[in-house]
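See below for the structure under consideration.
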Amino acid sequence: MCYHGLARFCALFACFALASSETARYGKIGILVRLHGSSGDQLGPSWHRMAAAGLMAVHDVNTRNTTLVPEAKTLIPEGFRLEYELADTFSDPREGIEVALDWAKSTMHGIVGAWRSAVSGPVALVADTALLPVLSWGSTSTALSDTVSYRTFGRTIPSDAIPALGVIRMCNHFGWGKISMLFIDDAYGRGYAQDIATFAGEYGVEVATAQKFFGLNQESLESALDNIATSAARIILCITFEDDMDNIAFLAQKKGIIGPGYVWITADGISTPRDLVANSNNPPEMARALVGWLRISVGPFVGGLEKRFQDAFHAKELEHKIHPILDQDPT
């Protein structure tokens, strides 16, 4: 999904550049990636692969590779070059705003990213002042569907309303009539919590308690988990990012609300279990804590399409996967 969205965005922005001038021979885009958490810790290999996908997408547009991007051949003339700048947001809206302010005053034709809704929202507002389009492959907050507030924002991934409905329908199907919710207090978490509340009412699922917490704040997290523990709900929906997962797993075990008798459900804010365990401060403990967890997210690839994209990624020459901002081989 990441590569597909990035590649099509690159082709689209090249077309924007062409449309801006009959003599345009190049376009320039900014690519916002997420390589570090807001605490400064480096995130896992999957995030480097996403950044690498952006570089590969630009390369495929410039070489007119139609394997995954047919638009590269049909819409972009020979001789046209797409340039880019890559920036790490550190998962922080302030970093995204700072970069967007610089790009809005430059010769950029568009911004690809960011991944976090909490970053894409303010970036889109800044970019709007320069009528600069912002297209994301990962920001899912339903609030970003507001085309009045976010006039130049677009995305290739559905909003959280889709997986939130899937969570509630699954609970209804299995007879899980009472759930509790733990969510990070940002645009992504608040939007997801609102979607859950809406669909829970429609399907007769009771949300016993919805507890927000501040990212990387153990005091607020512990207070939220105390309230969940007293709610008596055995189904716990956890909407957060991997930055807080070590603390969540440790505190949930301490309070006896994880393990047999409990079902924890998480969403697309959490990467693959393998990456989550590998980047944990205590991998064996994290692996034990994740037993029985469910992850509900949108999977746009079906059948052989996913393998097609994976094969194309691994077939690329190594030099097209490495950039100075990436301090490790993303393969």
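How things are named: the first chain in the structure tokens is A, the next is B, and so on; residues count from 1 in each chain; ligands count from 1 in the order shown.
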
Can you build me a table of region 200-220 of chain A residues sitting at most 12 Å from region 168-176 of chain A, with the closest atom pair per residue and its distance in Å to one decimal, using only C-alpha atoms, sorted by chain and residue number, as a tab-separated table?
residue	atom	partner	partner_atom	distance
A:Ala200	CA	A:Ile168	CA	6.0
A:Gly201	CA	A:Ile168	CA	9.5
A:Glu202	CA	A:Ile168	CA	9.3
A:Tyr203	CA	A:Asn172	CA	6.8
A:Gly204	CA	A:Asn172	CA	7.7
A:Val205	CA	A:Asn172	CA	6.8
A:Glu206	CA	A:Trp176	CA	9.0
A:Val207	CA	A:Ile168	CA	10.3
A:Ala208	CA	A:Trp176	CA	11.9

task: From a DSSP calculation on the backbone, collect every residue of region 112-266 of chain A in alpha helix (DSSP H) and output the set as a ChimeraX atom specification.
output: /A:117-128,161-173,187-203,218-229,245-254

Each residue of region 143-218 of chain A with at least one atom at most 9 Å from region 261-285 of chain A should appear once, together with its nearest atom pair and the corresponding distance in Å (one decimal); atoms considered: only C-alpha atoms; ordering: chain, then increasing residue number; output as a tab-separated table.
residue	atom	partner	partner_atom	distance
A:Pro163	CA	A:Ala267	CA	7.9
A:Ala164	CA	A:Ala267	CA	8.8
A:Val167	CA	A:Ile265	CA	8.3
A:Tyr188	CA	A:Gly269	CA	8.7

Take the residues just selected and output them with N, CA and C atoms as a PDB file, in the first residue's frame.
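Result saved to result11.pdb:
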ATOM      1  N   PRO A 163     -12.195   0.683   9.601  1.00  0.00           N
ATOM      2  CA  PRO A 163     -11.784  -0.342  10.574  1.00  0.00           C
ATOM      3  C   PRO A 163     -12.541  -0.252  11.889  1.00  0.00           C
ATOM      4  N   ALA A 164     -12.966   0.957  12.299  1.00  0.00           N
ATOM      5  CA  ALA A 164     -13.744   1.087  13.534  1.00  0.00           C
ATOM      6  C   ALA A 164     -15.056   0.323  13.410  1.00  0.00           C
ATOM      7  N   VAL A 167     -14.300  -3.347  13.806  1.00  0.00           N
ATOM      8  CA  VAL A 167     -14.111  -3.741  15.208  1.00  0.00           C
ATOM      9  C   VAL A 167     -15.459  -3.985  15.876  1.00  0.00           C
ATOM     10  N   TYR A 188      -5.513  11.249  15.808  1.00  0.00           N
ATOM     11  CA  TYR A 188      -5.798   9.855  15.445  1.00  0.00           C
ATOM     12  C   TYR A 188      -6.620   9.163  16.526  1.00  0.00           C
TER      13      TYR A 188
END

Considering only C-alpha atoms, tabulate each residue of region 153-248 of chain A that lies at most 9 Å from region 38-53 of chain A along with its nearest interatomic pair and the corresponding distance in Å to one decimal; arrange the rows by chain and ascending residue number and present them as JSON lines.
{"residue": "A:Gly215", "atom": "CA", "partner": "A:Ser38", "partner_atom": "CA", "distance": 8.8}
{"residue": "A:Leu216", "atom": "CA", "partner": "A:Ser39", "partner_atom": "CA", "distance": 7.7}
{"residue": "A:Glu242", "atom": "CA", "partner": "A:Leu43", "partner_atom": "CA", "distance": 8.6}
{"residue": "A:Asp243", "atom": "CA", "partner": "A:Ser39", "partner_atom": "CA", "distance": 8.0}

- request: Could you please determine the separation between CA of Gly177 (chain A) and CA of Ala249 (chain A) in Å, to one decimal place?
  value: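 CA of Ala249 (chain A) lies at a distance of 24.1 Å from CA of Gly177 (chain A).
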
task: Once DSSP has gone over the backbone, tell me which residues of region 163-243 of chain A are in strand (DSSP E), as a PyMOL selection string.
output: chain A and resi 178-184+206-213+235-239

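Here CA of Met181 (chain A) stands at a distance of 6.2 Å from CA of Thr209 (chain A).
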
field: Pairwise distance for CA of Gly191 (chain A) and CA of Asp102 (chain A), rounded to one decimal in Å
entry: 28.5 Å

- prompt: Out of A:Tyr26, A:Trp293, A:Trp103, A:Tyr150, which residue has the shortest atom-to-atom distance to Cys238 (chain A) when counting only C-alpha atoms?
  reply: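 The closest residue to Cys238 (chain A) is A:Trp293.
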
- request: Could you check which of A:Ile184, A:Ala210, A:Ile162, A:Ile228 is closest to Ser297 (chain A), using only C-alpha atoms?
  value: A:Ile162

message: Report as number ranges by chain all protein, DNA and RNA residues lying within 10 Å of Pro158 (chain A), evaluated on only C-alpha atoms, omitting residues in the same chain fewer than 4 positions from it.
response: A: 137-142, 145, 162-163, 298, 300

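Restricting the calculation to only C-alpha atoms, the smallest distance between Leu237 (chain A) and any of A:Arg288, A:Lys212, A:Arg34, A:Arg64 is found for A:Lys212.
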
- prompt: Of the candidates A:Thr240, A:Thr129, A:Asn217, A:Thr198, which one gets nearest to Leu101 (chain A) if we count only C-alpha atoms?
  reply: A:Thr129

I want to know what sits within 9 Å of region 109-123 of chain A, based on only C-alpha atoms, with residues of the same chain fewer than 6 positions away left out; could you give that as a PDB file with C-alpha atoms, in the first residue's frame?
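Result went into part.pdb, see below:
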ATOM      1  CA  LEU A   6       3.700   6.972  -2.989  1.00  0.00           C
ATOM      2  CA  PHE A   9       1.424  10.476  -5.851  1.00  0.00           C
ATOM      3  CA  CYS A  10       4.816  11.048  -7.463  1.00  0.00           C
ATOM      4  CA  PHE A  13       2.689  15.653  -8.762  1.00  0.00           C
ATOM      5  CA  ALA A  14       4.797  15.397 -11.900  1.00  0.00           C
ATOM      6  CA  PHE A  16       0.874  19.064 -11.581  1.00  0.00           C
ATOM      7  CA  ALA A  17       4.304  20.472 -12.449  1.00  0.00           C
ATOM      8  CA  GLY A  27       8.817  18.913 -10.697  1.00  0.00           C
ATOM      9  CA  LYS A  28       9.720  18.838  -7.032  1.00  0.00           C
ATOM     10  CA  ILE A  29       7.980  17.156  -4.108  1.00  0.00           C
ATOM     11  CA  GLY A  30       8.589  16.912  -0.382  1.00  0.00           C
ATOM     12  CA  ILE A  31       8.261  13.483   1.217  1.00  0.00           C
ATOM     13  CA  LEU A  32       7.507  13.363   4.945  1.00  0.00           C
ATOM     14  CA  VAL A  33       8.586  10.122   6.603  1.00  0.00           C
ATOM     15  CA  ARG A  34       8.527   8.783  10.141  1.00  0.00           C
ATOM     16  CA  GLY A  54       9.270   6.920  -1.520  1.00  0.00           C
ATOM     17  CA  THR A  89       8.917  14.312  11.195  1.00  0.00           C
ATOM     18  CA  SER A  91       6.307  11.704  14.785  1.00  0.00           C
ATOM     19  CA  ASP A  92       5.888  15.291  16.026  1.00  0.00           C
ATOM     20  CA  PRO A  93       3.439  17.890  14.609  1.00  0.00           C
ATOM     21  CA  ARG A  94       5.914  20.666  15.396  1.00  0.00           C
ATOM     22  CA  GLU A  95       8.575  19.065  13.207  1.00  0.00           C
ATOM     23  CA  GLY A  96       6.061  18.669  10.402  1.00  0.00           C
ATOM     24  CA  ILE A  97       4.955  22.294  10.665  1.00  0.00           C
ATOM     25  CA  GLU A  98       8.534  23.556  10.562  1.00  0.00           C
ATOM     26  CA  VAL A  99       9.280  21.579   7.407  1.00  0.00           C
ATOM     27  CA  ALA A 100       5.974  22.554   5.795  1.00  0.00           C
ATOM     28  CA  LEU A 101       6.643  26.247   6.415  1.00  0.00           C
ATOM     29  CA  TRP A 103       8.456  23.955   1.718  1.00  0.00           C
ATOM     30  CA  LEU A 132       0.169  23.296  -1.928  1.00  0.00           C
ATOM     31  CA  PRO A 133      -1.477  19.864  -2.205  1.00  0.00           C
ATOM     32  CA  VAL A 134      -0.767  17.350   0.560  1.00  0.00           C
ATOM     33  CA  LEU A 135      -1.414  13.686  -0.150  1.00  0.00           C
ATOM     34  CA  SER A 136      -1.029  11.018   2.534  1.00  0.00           C
ATOM     35  CA  TRP A 137      -0.878   7.243   2.359  1.00  0.00           C
ATOM     36  CA  GLY A 138      -1.244   6.712   6.115  1.00  0.00           C
ATOM     37  CA  SER A 139      -3.226   9.456   7.892  1.00  0.00           C
ATOM     38  CA  THR A 140      -6.588   7.910   8.711  1.00  0.00           C
ATOM     39  CA  SER A 141      -8.341  10.296  11.125  1.00  0.00           C
ATOM     40  CA  ALA A 143     -11.521  14.561  10.911  1.00  0.00           C
ATOM     41  CA  LEU A 144      -9.249  14.957   7.885  1.00  0.00           C
ATOM     42  CA  TYR A 150      -8.393  20.742   4.806  1.00  0.00           C
ATOM     43  CA  PHE A 153      -5.469  17.435   1.648  1.00  0.00           C
ATOM     44  CA  ARG A 155      -5.208  10.391   0.862  1.00  0.00           C
ATOM     45  CA  ASP A 186      -4.170  13.107  19.558  1.00  0.00           C
ATOM     46  CA  ALA A 187      -6.055  13.555  16.279  1.00  0.00           C
ATOM     47  CA  TYR A 188      -5.798   9.855  15.445  1.00  0.00           C
ATOM     48  CA  GLY A 269      -1.015   2.602  14.667  1.00  0.00           C
TER      49      GLY A 269
END
